[in-house]
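S.K.: This is the structure, below, for whatever I ask next.
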Amino acid sequence: MKRFFLSSFWCIVAISCAYAQKNDSLFVKKIYETALTEPKGYEWLEYLCKKIGARLSGSPQAAAAVEFTRQVMDTLGLDRVYLQEVKVPRWTRGRQEKAHVTHSARFATLPLRVCALGNAVGTGAKGLEAKIIEVKHFKDLTSLTHAQVAGKIVFFNNVMEQKHINPFTAYGLAGEARRNGASEAAKLGAKGVIVRSLTPNLDEFPHTGSLRYALNVPQIPAIAIATIDAEALSNALKTEPDLQIYFETHCNMLPDVISHNVIGELKGSEKPEEIISIGGHLDSWDLAEGAHDDGAGCMQTIDVARLFKQLNIKPKRTIRFVMFMNEENGLRGGQKYAQEAENNKEKHILALETDAGGFTPKSIGIGDEAQAAQVRKMRLWQPLFVPYDITLKQGGGGADISTLRPLGTVLSGLQPDANRYFDYHHTSQDNYETVNRREMQLGTATIAAFIYLVAEYGI
Ligand SMILES: [Zn+2]
């Protein structure tokens with residue numbers, strides 16, 4: 001009798017699991033079909049890119065993007081839409097940068113397509129002219145002496161290495177020169193730095209991005225140079241090591257400005273205290289429309305909210321849809337969001353960031369902080385994603401949500417095909433036309449399906 005009871009118990013569990021899986025697979029199918037046939041996020045992306053455009057933190061366009069996304073979320077019938085005030089840095093590029101070779105008969109006309117690095121000080125109209133010292137790897141700087149570097153411009157010709165399968169790995173490694181190169185060079189007496197653009201391609205576009213000045217070190221001007229021009233400059237230096245570079249940048253850091261994170265919320269029906277956040281960053285660089293980085297991620301986020309409402313999905317746990325402000329040159333939005341979560345003693349079980357471009361989704365990454373039991377639980381959902389070629393795998397997160405890690409939140413991320421991301425990243429090319437509607441909407445559906453499962457079952 002007892003045995004019979006046990007086996008029928010397990011039978012009932014198996015049947016109800018199969019039933020749940022079947023229901024879930026129907027829900028997931030509906031999510032994908034609706035995202036693909038009614039591409040609202042892509043339509044909103046056009047408005048964000050074409051009517052508002054580049055949205056550097058603290059700019060009037062960033063404020064317009066806050067208002068636009070607040071209004072769109074207001075139309076969706078969410079339980080709550082609100083702004084979270086955050087003070088952001090206000091860096092301006094000013095007039096177009098100039099750069100050319102001097103003290104060289106042979107290379108005077110060498111094209112040097114450059115742009116100032118974000119947060120850098122400018123040279124002003126007087127410009128900066130000096131000899132060049134080239135280093136191939138950031139760490140090579142440590143072997144140079146003050147006498148070798150003082151008074152010169154350090155040229156970090158660090159390549160994003162092709163051997164890494166995930167371009168973000170190469171980006172992280174090569175990026176140290178952009179992030180910290182100016183201060184490290186200044187410690188050795190350099191007058192300025194030129195950093196090879198962060199892309200594995202050879203192209204003619206300078207890729208901007210932010211630097212960080214160390215405390216109590218002179219702040220020196222810093223520019224990025226297009227990779228084709230970096231190669232040419234490196235070759236020219238082999239022939240004429242004494243050639244000089246003149247460059248002129250008019251960038252400036254102004255006082256902080258009040259801005260906002262934009263947040264929509266769907267309250268959980270059973271465990272409202274368990275919060276799931278999804279989001280992207282609303283600010284962009286100033287050189288283009290910020291379509292892949294990260295207009296697409298923001299519009300996907302709002303579109304997930306739309307899908308939940310349209311398909312009448314009532315999440316058991318609370319879901320927040322967050323447009324973070326100032327990821328690019330300060331991360332103040334992410335810091336503020338985590339600070340408020342801590343102040344309010346909120347329980348953030350999982351956060352997902354979509355900030356890797358609006359390309360074909362490949363996987364949902366789960367961060368290393370997830371416990372083994374949590375990973376096992378989420379892996380059970382893998383069969384639901386097989387029809388959509390999506391893998392649940394290790395390694396997730398994003399800059400904006402990284403601030404939630406100390407609160408014990410599991411960090412995840414949408415991982416699209418990243419092979420073309422650095423064609424556009426931080427350049428004048430990151431425009432609406434480069435985002436494929438179908439690819440972006442597949443990403444939206446993937447996030448919505450995963451978040452639906454997290455909200456339903458917890459982790
Ligand atoms: Zn980004």
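Naming works like this for the structure tokens: A, B, ... for the chains as they're shown, residue 1 at the start of each chain, ligands 1 onward in shown order.
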Can I get the residues close to ligand 1 as a PDB file with N, CA and C atoms, in the first residue's frame, where close means within 10 Å and we count only C-alpha atoms and all ligand atoms?
M.R.:
ATOM      1  N   GLY A 280      18.589  47.886 -19.522  1.00  0.00           N
ATOM      2  CA  GLY A 280      19.712  48.305 -20.360  1.00  0.00           C
ATOM      3  C   GLY A 280      20.022  49.739 -19.979  1.00  0.00           C
ATOM      4  N   HIS A 281      20.995  50.351 -20.671  1.00  0.00           N
ATOM      5  CA  HIS A 281      21.294  51.750 -20.309  1.00  0.00           C
ATOM      6  C   HIS A 281      20.806  52.713 -21.376  1.00  0.00           C
ATOM      7  N   LEU A 282      20.182  53.782 -20.853  1.00  0.00           N
ATOM      8  CA  LEU A 282      19.517  54.734 -21.738  1.00  0.00           C
ATOM      9  C   LEU A 282      20.497  55.749 -22.320  1.00  0.00           C
ATOM     10  N   ASP A 283      21.579  56.020 -21.611  1.00  0.00           N
ATOM     11  CA  ASP A 283      22.576  56.954 -22.154  1.00  0.00           C
ATOM     12  C   ASP A 283      23.367  56.250 -23.256  1.00  0.00           C
ATOM     13  N   SER A 284      23.956  57.078 -24.120  1.00  0.00           N
ATOM     14  CA  SER A 284      24.805  56.517 -25.187  1.00  0.00           C
ATOM     15  C   SER A 284      26.000  57.452 -25.370  1.00  0.00           C
ATOM     16  N   TRP A 285      26.916  57.050 -26.231  1.00  0.00           N
ATOM     17  CA  TRP A 285      27.966  57.988 -26.616  1.00  0.00           C
ATOM     18  C   TRP A 285      27.381  59.023 -27.564  1.00  0.00           C
ATOM     19  N   GLY A 290      23.452  55.527 -30.830  1.00  0.00           N
ATOM     20  CA  GLY A 290      23.428  54.540 -29.746  1.00  0.00           C
ATOM     21  C   GLY A 290      22.353  53.495 -29.967  1.00  0.00           C
ATOM     22  N   ALA A 291      22.322  52.932 -31.177  1.00  0.00           N
ATOM     23  CA  ALA A 291      21.262  51.980 -31.529  1.00  0.00           C
ATOM     24  C   ALA A 291      21.524  50.619 -30.894  1.00  0.00           C
ATOM     25  N   HIS A 292      22.693  50.047 -31.171  1.00  0.00           N
ATOM     26  CA  HIS A 292      23.053  48.775 -30.521  1.00  0.00           C
ATOM     27  C   HIS A 292      23.416  49.002 -29.051  1.00  0.00           C
ATOM     28  N   ASP A 293      24.086  50.102 -28.788  1.00  0.00           N
ATOM     29  CA  ASP A 293      24.622  50.372 -27.447  1.00  0.00           C
ATOM     30  C   ASP A 293      24.013  51.651 -26.882  1.00  0.00           C
ATOM     31  N   ASP A 294      22.929  51.593 -26.170  1.00  0.00           N
ATOM     32  CA  ASP A 294      22.196  50.389 -25.851  1.00  0.00           C
ATOM     33  C   ASP A 294      20.698  50.644 -26.060  1.00  0.00           C
ATOM     34  N   GLY A 295      20.435  51.421 -27.143  1.00  0.00           N
ATOM     35  CA  GLY A 295      19.025  51.680 -27.439  1.00  0.00           C
ATOM     36  C   GLY A 295      18.250  50.383 -27.582  1.00  0.00           C
ATOM     37  N   ALA A 296      18.843  49.425 -28.277  1.00  0.00           N
ATOM     38  CA  ALA A 296      18.180  48.139 -28.504  1.00  0.00           C
ATOM     39  C   ALA A 296      17.843  47.463 -27.176  1.00  0.00           C
ATOM     40  N   GLY A 297      18.796  47.452 -26.252  1.00  0.00           N
ATOM     41  CA  GLY A 297      18.569  46.803 -24.959  1.00  0.00           C
ATOM     42  C   GLY A 297      17.452  47.476 -24.171  1.00  0.00           C
ATOM     43  N   ASN A 326      23.665  56.643 -17.452  1.00  0.00           N
ATOM     44  CA  ASN A 326      25.091  56.912 -17.219  1.00  0.00           C
ATOM     45  C   ASN A 326      25.966  55.664 -17.098  1.00  0.00           C
ATOM     46  N   GLU A 327      25.628  54.626 -17.840  1.00  0.00           N
ATOM     47  CA  GLU A 327      26.530  53.461 -17.847  1.00  0.00           C
ATOM     48  C   GLU A 327      27.860  53.812 -18.492  1.00  0.00           C
ATOM     49  N   GLU A 328      27.784  54.616 -19.562  1.00  0.00           N
ATOM     50  CA  GLU A 328      28.996  54.814 -20.374  1.00  0.00           C
ATOM     51  C   GLU A 328      30.116  55.546 -19.661  1.00  0.00           C
ATOM     52  N   GLU A 353      20.725  41.913 -17.658  1.00  0.00           N
ATOM     53  CA  GLU A 353      21.046  43.089 -18.466  1.00  0.00           C
ATOM     54  C   GLU A 353      21.115  42.700 -19.937  1.00  0.00           C
ATOM     55  N   THR A 354      20.604  43.571 -20.787  1.00  0.00           N
ATOM     56  CA  THR A 354      20.753  43.385 -22.229  1.00  0.00           C
ATOM     57  C   THR A 354      21.513  44.590 -22.776  1.00  0.00           C
ATOM     58  N   ASP A 355      22.808  44.414 -22.950  1.00  0.00           N
ATOM     59  CA  ASP A 355      23.695  45.507 -23.370  1.00  0.00           C
ATOM     60  C   ASP A 355      24.839  44.937 -24.209  1.00  0.00           C
ATOM     61  N   ALA A 356      24.499  44.082 -25.156  1.00  0.00           N
ATOM     62  CA  ALA A 356      25.553  43.516 -26.005  1.00  0.00           C
ATOM     63  C   ALA A 356      25.150  43.592 -27.473  1.00  0.00           C
ATOM     64  N   GLY A 357      24.262  44.533 -27.783  1.00  0.00           N
ATOM     65  CA  GLY A 357      23.855  44.739 -29.173  1.00  0.00           C
ATOM     66  C   GLY A 357      22.565  44.020 -29.511  1.00  0.00           C
ATOM     67  N   GLY A 398      26.255  42.398 -16.433  1.00  0.00           N
ATOM     68  CA  GLY A 398      26.354  43.633 -17.201  1.00  0.00           C
ATOM     69  C   GLY A 398      26.757  44.712 -16.227  1.00  0.00           C
ATOM     70  N   ALA A 399      27.326  45.806 -16.742  1.00  0.00           N
ATOM     71  CA  ALA A 399      27.881  46.832 -15.851  1.00  0.00           C
ATOM     72  C   ALA A 399      26.813  47.408 -14.915  1.00  0.00           C
ATOM     73  N   ASP A 400      25.645  47.734 -15.456  1.00  0.00           N
ATOM     74  CA  ASP A 400      24.633  48.418 -14.637  1.00  0.00           C
ATOM     75  C   ASP A 400      24.159  47.577 -13.462  1.00  0.00           C
ATOM     76  N   HIS A 425      30.365  49.581 -32.113  1.00  0.00           N
ATOM     77  CA  HIS A 425      30.511  49.978 -30.709  1.00  0.00           C
ATOM     78  C   HIS A 425      31.283  51.291 -30.529  1.00  0.00           C
ATOM     79  N   HIS A 426      30.607  52.295 -29.944  1.00  0.00           N
ATOM     80  CA  HIS A 426      31.236  53.583 -29.596  1.00  0.00           C
ATOM     81  C   HIS A 426      31.750  54.360 -30.804  1.00  0.00           C
TER      82      HIS A 426
END
S.K.: Please extract the residues of segment 244-454 of chain A with a backbone DSSP assignment of alpha helix (DSSP H) and present them as a ChimeraX atom specification.
M.R.: /A:296-310,332-343,372-379,382-385,437-454
S.K.: Write out as a PyMOL selection string each polymer residue whose atoms come within 8 Å of segment 406-420 of chain A, counting only C-alpha atoms; drop sequence neighbours fewer than 2 positions from it.
M.R.: chain A and resi 166-168+342+348-367+369-370+395-398+401-404+422-424+443+446-447
S.K.: Taking C-alpha atoms for each residue, export the selection above as a CSV table (one decimal), in the first residue's frame.
M.R.:
chain,number,residue,atom,x,y,z
A,166,ASN,CA,34.1,35.9,-27.4
A,167,PRO,CA,35.1,39.4,-28.6
A,168,PHE,CA,34.1,40.7,-25.2
A,342,GLU,CA,19.8,48.3,-0.1
A,348,HIS,CA,16.6,41.2,-5.5
A,349,ILE,CA,16.7,37.5,-6.6
A,350,LEU,CA,17.9,38.0,-10.2
A,351,ALA,CA,18.8,40.8,-12.5
A,352,LEU,CA,19.3,40.6,-16.3
A,353,GLU,CA,21.0,43.1,-18.5
A,354,THR,CA,20.8,43.4,-22.2
A,355,ASP,CA,23.7,45.5,-23.4
A,356,ALA,CA,25.6,43.5,-26.0
A,357,GLY,CA,23.9,44.7,-29.2
A,358,GLY,CA,20.6,44.0,-30.9
A,359,PHE,CA,22.0,40.9,-32.7
A,360,THR,CA,20.7,37.3,-32.9
A,361,PRO,CA,20.4,36.0,-29.4
A,362,LYS,CA,22.5,32.9,-28.7
A,363,SER,CA,22.3,32.4,-24.9
A,364,ILE,CA,21.2,33.6,-21.5
A,365,GLY,CA,24.2,33.8,-19.3
A,366,ILE,CA,24.0,33.0,-15.6
A,367,GLY,CA,26.6,34.6,-13.4
A,369,GLU,CA,27.5,33.9,-8.1
A,370,ALA,CA,24.5,31.6,-8.7
A,395,GLY,CA,28.7,33.7,-17.3
A,396,GLY,CA,26.3,36.6,-17.2
A,397,GLY,CA,25.8,40.1,-16.0
A,398,GLY,CA,26.4,43.6,-17.2
A,401,ILE,CA,23.5,45.4,-12.6
A,402,SER,CA,27.0,44.5,-11.3
A,403,THR,CA,26.2,46.9,-8.4
A,404,LEU,CA,23.5,44.4,-7.2
A,422,PHE,CA,32.6,46.0,-32.5
A,423,ASP,CA,31.8,47.2,-36.1
A,424,TYR,CA,29.6,49.8,-34.4
A,443,GLY,CA,16.3,38.9,-28.3
A,446,THR,CA,14.3,35.3,-25.3
A,447,ILE,CA,14.4,37.7,-22.4
S.K.: Under the rule that only C-alpha atoms are counted, which of A:Leu76, A:Val435, A:Ala120, A:Leu173 is the nearest residue to Leu266 of chain A?
M.R.: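 Looking at the shortest contact to Leu266 of chain A, the residue is A:Leu76.
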S.K.: Name all residues at most 8 Å from Ser259 of chain A (count only C-alpha atoms; drop same-chain ones fewer than 3 positions away) and give them as JSON, numbers by chain.
M.R.: {"A": [57, 58, 63, 85, 86, 87, 88, 325]}
S.K.: Neighbouring residues of Lys98 of chain A were defined as those with any atom within 12 Å, considering only C-alpha atoms; residues of the same chain fewer than 6 positions away were excluded. Please report them as a PDB file with C-alpha atoms, in the first residue's frame.
M.R.:
ATOM      1  CA  PRO A 111      45.448  60.255 -42.023  1.00  0.00           C
ATOM      2  CA  LEU A 112      44.877  60.251 -38.263  1.00  0.00           C
ATOM      3  CA  ARG A 113      41.190  59.777 -37.591  1.00  0.00           C
ATOM      4  CA  VAL A 114      40.766  60.371 -33.891  1.00  0.00           C
ATOM      5  CA  CYS A 115      38.270  61.273 -31.220  1.00  0.00           C
ATOM      6  CA  ALA A 116      38.684  62.292 -27.623  1.00  0.00           C
ATOM      7  CA  GLY A 122      40.896  68.742 -23.668  1.00  0.00           C
ATOM      8  CA  THR A 123      44.000  70.351 -25.078  1.00  0.00           C
ATOM      9  CA  GLY A 124      42.088  73.510 -25.963  1.00  0.00           C
ATOM     10  CA  ALA A 125      42.942  75.590 -29.031  1.00  0.00           C
ATOM     11  CA  LYS A 126      46.670  75.496 -28.286  1.00  0.00           C
ATOM     12  CA  GLY A 127      46.742  71.766 -28.995  1.00  0.00           C
ATOM     13  CA  LEU A 128      49.418  69.328 -27.940  1.00  0.00           C
ATOM     14  CA  GLU A 129      52.526  68.417 -29.933  1.00  0.00           C
ATOM     15  CA  ILE A 223      42.361  60.282 -27.862  1.00  0.00           C
ATOM     16  CA  ALA A 224      41.390  57.084 -29.659  1.00  0.00           C
ATOM     17  CA  ILE A 225      42.703  56.480 -33.163  1.00  0.00           C
ATOM     18  CA  ILE A 245      52.004  64.310 -33.538  1.00  0.00           C
ATOM     19  CA  TYR A 246      49.888  67.388 -33.030  1.00  0.00           C
ATOM     20  CA  PHE A 247      46.377  66.934 -31.691  1.00  0.00           C
ATOM     21  CA  GLU A 248      43.648  69.226 -30.554  1.00  0.00           C
ATOM     22  CA  THR A 249      40.621  68.305 -28.444  1.00  0.00           C
ATOM     23  CA  HIS A 250      37.975  70.620 -27.030  1.00  0.00           C
TER      24      HIS A 250
END
S.K.: Here is a test: counting only C-alpha atoms, which residue of A:Ala226, A:Ile31, A:Ala455, A:Ala99 is nearest to Lys316 of chain A?
M.R.: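 Counting only C-alpha atoms, the residue closest to Lys316 of chain A is A:Ala455.
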S.K.: With only C-alpha atoms as the atoms that count, which of A:Ala305, A:Ala177, A:Ala35, A:Leu198 lies nearest to Met160 of chain A?
M.R.: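 Under the stated criterion, the closest residue is A:Leu198.
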S.K.: Give me the residues within 9 Å of Leu83 of chain A as a ChimeraX atom specification, counting only C-alpha atoms and dropping any in the same chain fewer than 3 places off.
M.R.: /A:66,70,260-264
S.K.: Check the DSSP output for the backbone and give back, as a ChimeraX atom specification, the residues of segment 150-349 of chain A in strand (DSSP E).
M.R.: /A:153-156,192-196,222-225,244-248,252-266,271-281,317-324,347-349
S.K.: Save out the residues we just selected, C-alpha atoms, as a PDB file, in the first residue's frame.
M.R.:
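Final file, result05.pdb:
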ATOM      1  CA  ILE A 153      52.710  61.155 -26.155  1.00  0.00           C
ATOM      2  CA  VAL A 154      52.296  57.470 -25.298  1.00  0.00           C
ATOM      3  CA  PHE A 155      50.754  55.514 -28.176  1.00  0.00           C
ATOM      4  CA  PHE A 156      49.018  52.396 -26.856  1.00  0.00           C
ATOM      5  CA  GLY A 192      49.113  62.869 -23.650  1.00  0.00           C
ATOM      6  CA  VAL A 193      48.028  59.447 -24.900  1.00  0.00           C
ATOM      7  CA  ILE A 194      46.766  57.965 -28.141  1.00  0.00           C
ATOM      8  CA  VAL A 195      44.921  54.660 -27.771  1.00  0.00           C
ATOM      9  CA  ARG A 196      44.275  52.225 -30.598  1.00  0.00           C
ATOM     10  CA  ALA A 222      43.663  61.261 -24.434  1.00  0.00           C
ATOM     11  CA  ILE A 223      42.361  60.282 -27.862  1.00  0.00           C
ATOM     12  CA  ALA A 224      41.390  57.084 -29.659  1.00  0.00           C
ATOM     13  CA  ILE A 225      42.703  56.480 -33.163  1.00  0.00           C
ATOM     14  CA  GLN A 244      55.759  64.142 -33.854  1.00  0.00           C
ATOM     15  CA  ILE A 245      52.004  64.310 -33.538  1.00  0.00           C
ATOM     16  CA  TYR A 246      49.888  67.388 -33.030  1.00  0.00           C
ATOM     17  CA  PHE A 247      46.377  66.934 -31.691  1.00  0.00           C
ATOM     18  CA  GLU A 248      43.648  69.226 -30.554  1.00  0.00           C
ATOM     19  CA  ASN A 252      35.383  69.443 -21.098  1.00  0.00           C
ATOM     20  CA  MET A 253      33.918  68.108 -17.856  1.00  0.00           C
ATOM     21  CA  LEU A 254      31.107  70.358 -16.617  1.00  0.00           C
ATOM     22  CA  PRO A 255      29.400  70.234 -13.214  1.00  0.00           C
ATOM     23  CA  ASP A 256      27.147  67.242 -12.488  1.00  0.00           C
ATOM     24  CA  VAL A 257      23.573  67.315 -13.744  1.00  0.00           C
ATOM     25  CA  ILE A 258      20.386  65.836 -12.269  1.00  0.00           C
ATOM     26  CA  SER A 259      19.138  62.954 -14.409  1.00  0.00           C
ATOM     27  CA  HIS A 260      17.097  59.800 -13.850  1.00  0.00           C
ATOM     28  CA  ASN A 261      16.779  56.061 -14.084  1.00  0.00           C
ATOM     29  CA  VAL A 262      13.368  55.218 -15.551  1.00  0.00           C
ATOM     30  CA  ILE A 263      11.631  52.282 -13.905  1.00  0.00           C
ATOM     31  CA  GLY A 264       8.448  50.373 -14.651  1.00  0.00           C
ATOM     32  CA  GLU A 265       7.113  47.701 -12.318  1.00  0.00           C
ATOM     33  CA  LEU A 266       4.770  44.731 -12.466  1.00  0.00           C
ATOM     34  CA  LYS A 271       5.743  36.689  -3.875  1.00  0.00           C
ATOM     35  CA  PRO A 272       5.820  40.444  -4.523  1.00  0.00           C
ATOM     36  CA  GLU A 273       8.814  40.836  -2.181  1.00  0.00           C
ATOM     37  CA  GLU A 274      11.029  38.841  -4.582  1.00  0.00           C
ATOM     38  CA  ILE A 275      12.235  41.287  -7.229  1.00  0.00           C
ATOM     39  CA  ILE A 276      13.553  40.533 -10.707  1.00  0.00           C
ATOM     40  CA  SER A 277      15.151  43.447 -12.576  1.00  0.00           C
ATOM     41  CA  ILE A 278      15.775  43.604 -16.289  1.00  0.00           C
ATOM     42  CA  GLY A 279      17.315  46.526 -18.088  1.00  0.00           C
ATOM     43  CA  GLY A 280      19.712  48.305 -20.360  1.00  0.00           C
ATOM     44  CA  HIS A 281      21.294  51.750 -20.309  1.00  0.00           C
ATOM     45  CA  ARG A 317       7.212  37.686  -8.488  1.00  0.00           C
ATOM     46  CA  THR A 318       7.770  41.430  -9.004  1.00  0.00           C
ATOM     47  CA  ILE A 319       9.466  42.479 -12.231  1.00  0.00           C
ATOM     48  CA  ARG A 320      11.218  45.833 -12.666  1.00  0.00           C
ATOM     49  CA  PHE A 321      11.988  47.209 -16.116  1.00  0.00           C
ATOM     50  CA  VAL A 322      14.919  49.603 -15.724  1.00  0.00           C
ATOM     51  CA  MET A 323      16.432  52.180 -18.062  1.00  0.00           C
ATOM     52  CA  PHE A 324      19.748  52.840 -16.323  1.00  0.00           C
ATOM     53  CA  LYS A 347      15.205  41.250  -1.996  1.00  0.00           C
ATOM     54  CA  HIS A 348      16.570  41.171  -5.544  1.00  0.00           C
ATOM     55  CA  ILE A 349      16.676  37.542  -6.583  1.00  0.00           C
TER      56      ILE A 349
END
S.K.: Taking only C-alpha atoms into account, name the residue in A:Ala448, A:Ala105, A:Val217, A:Ile132 that is nearest to Ser234 of chain A.
M.R.: A:Ile132
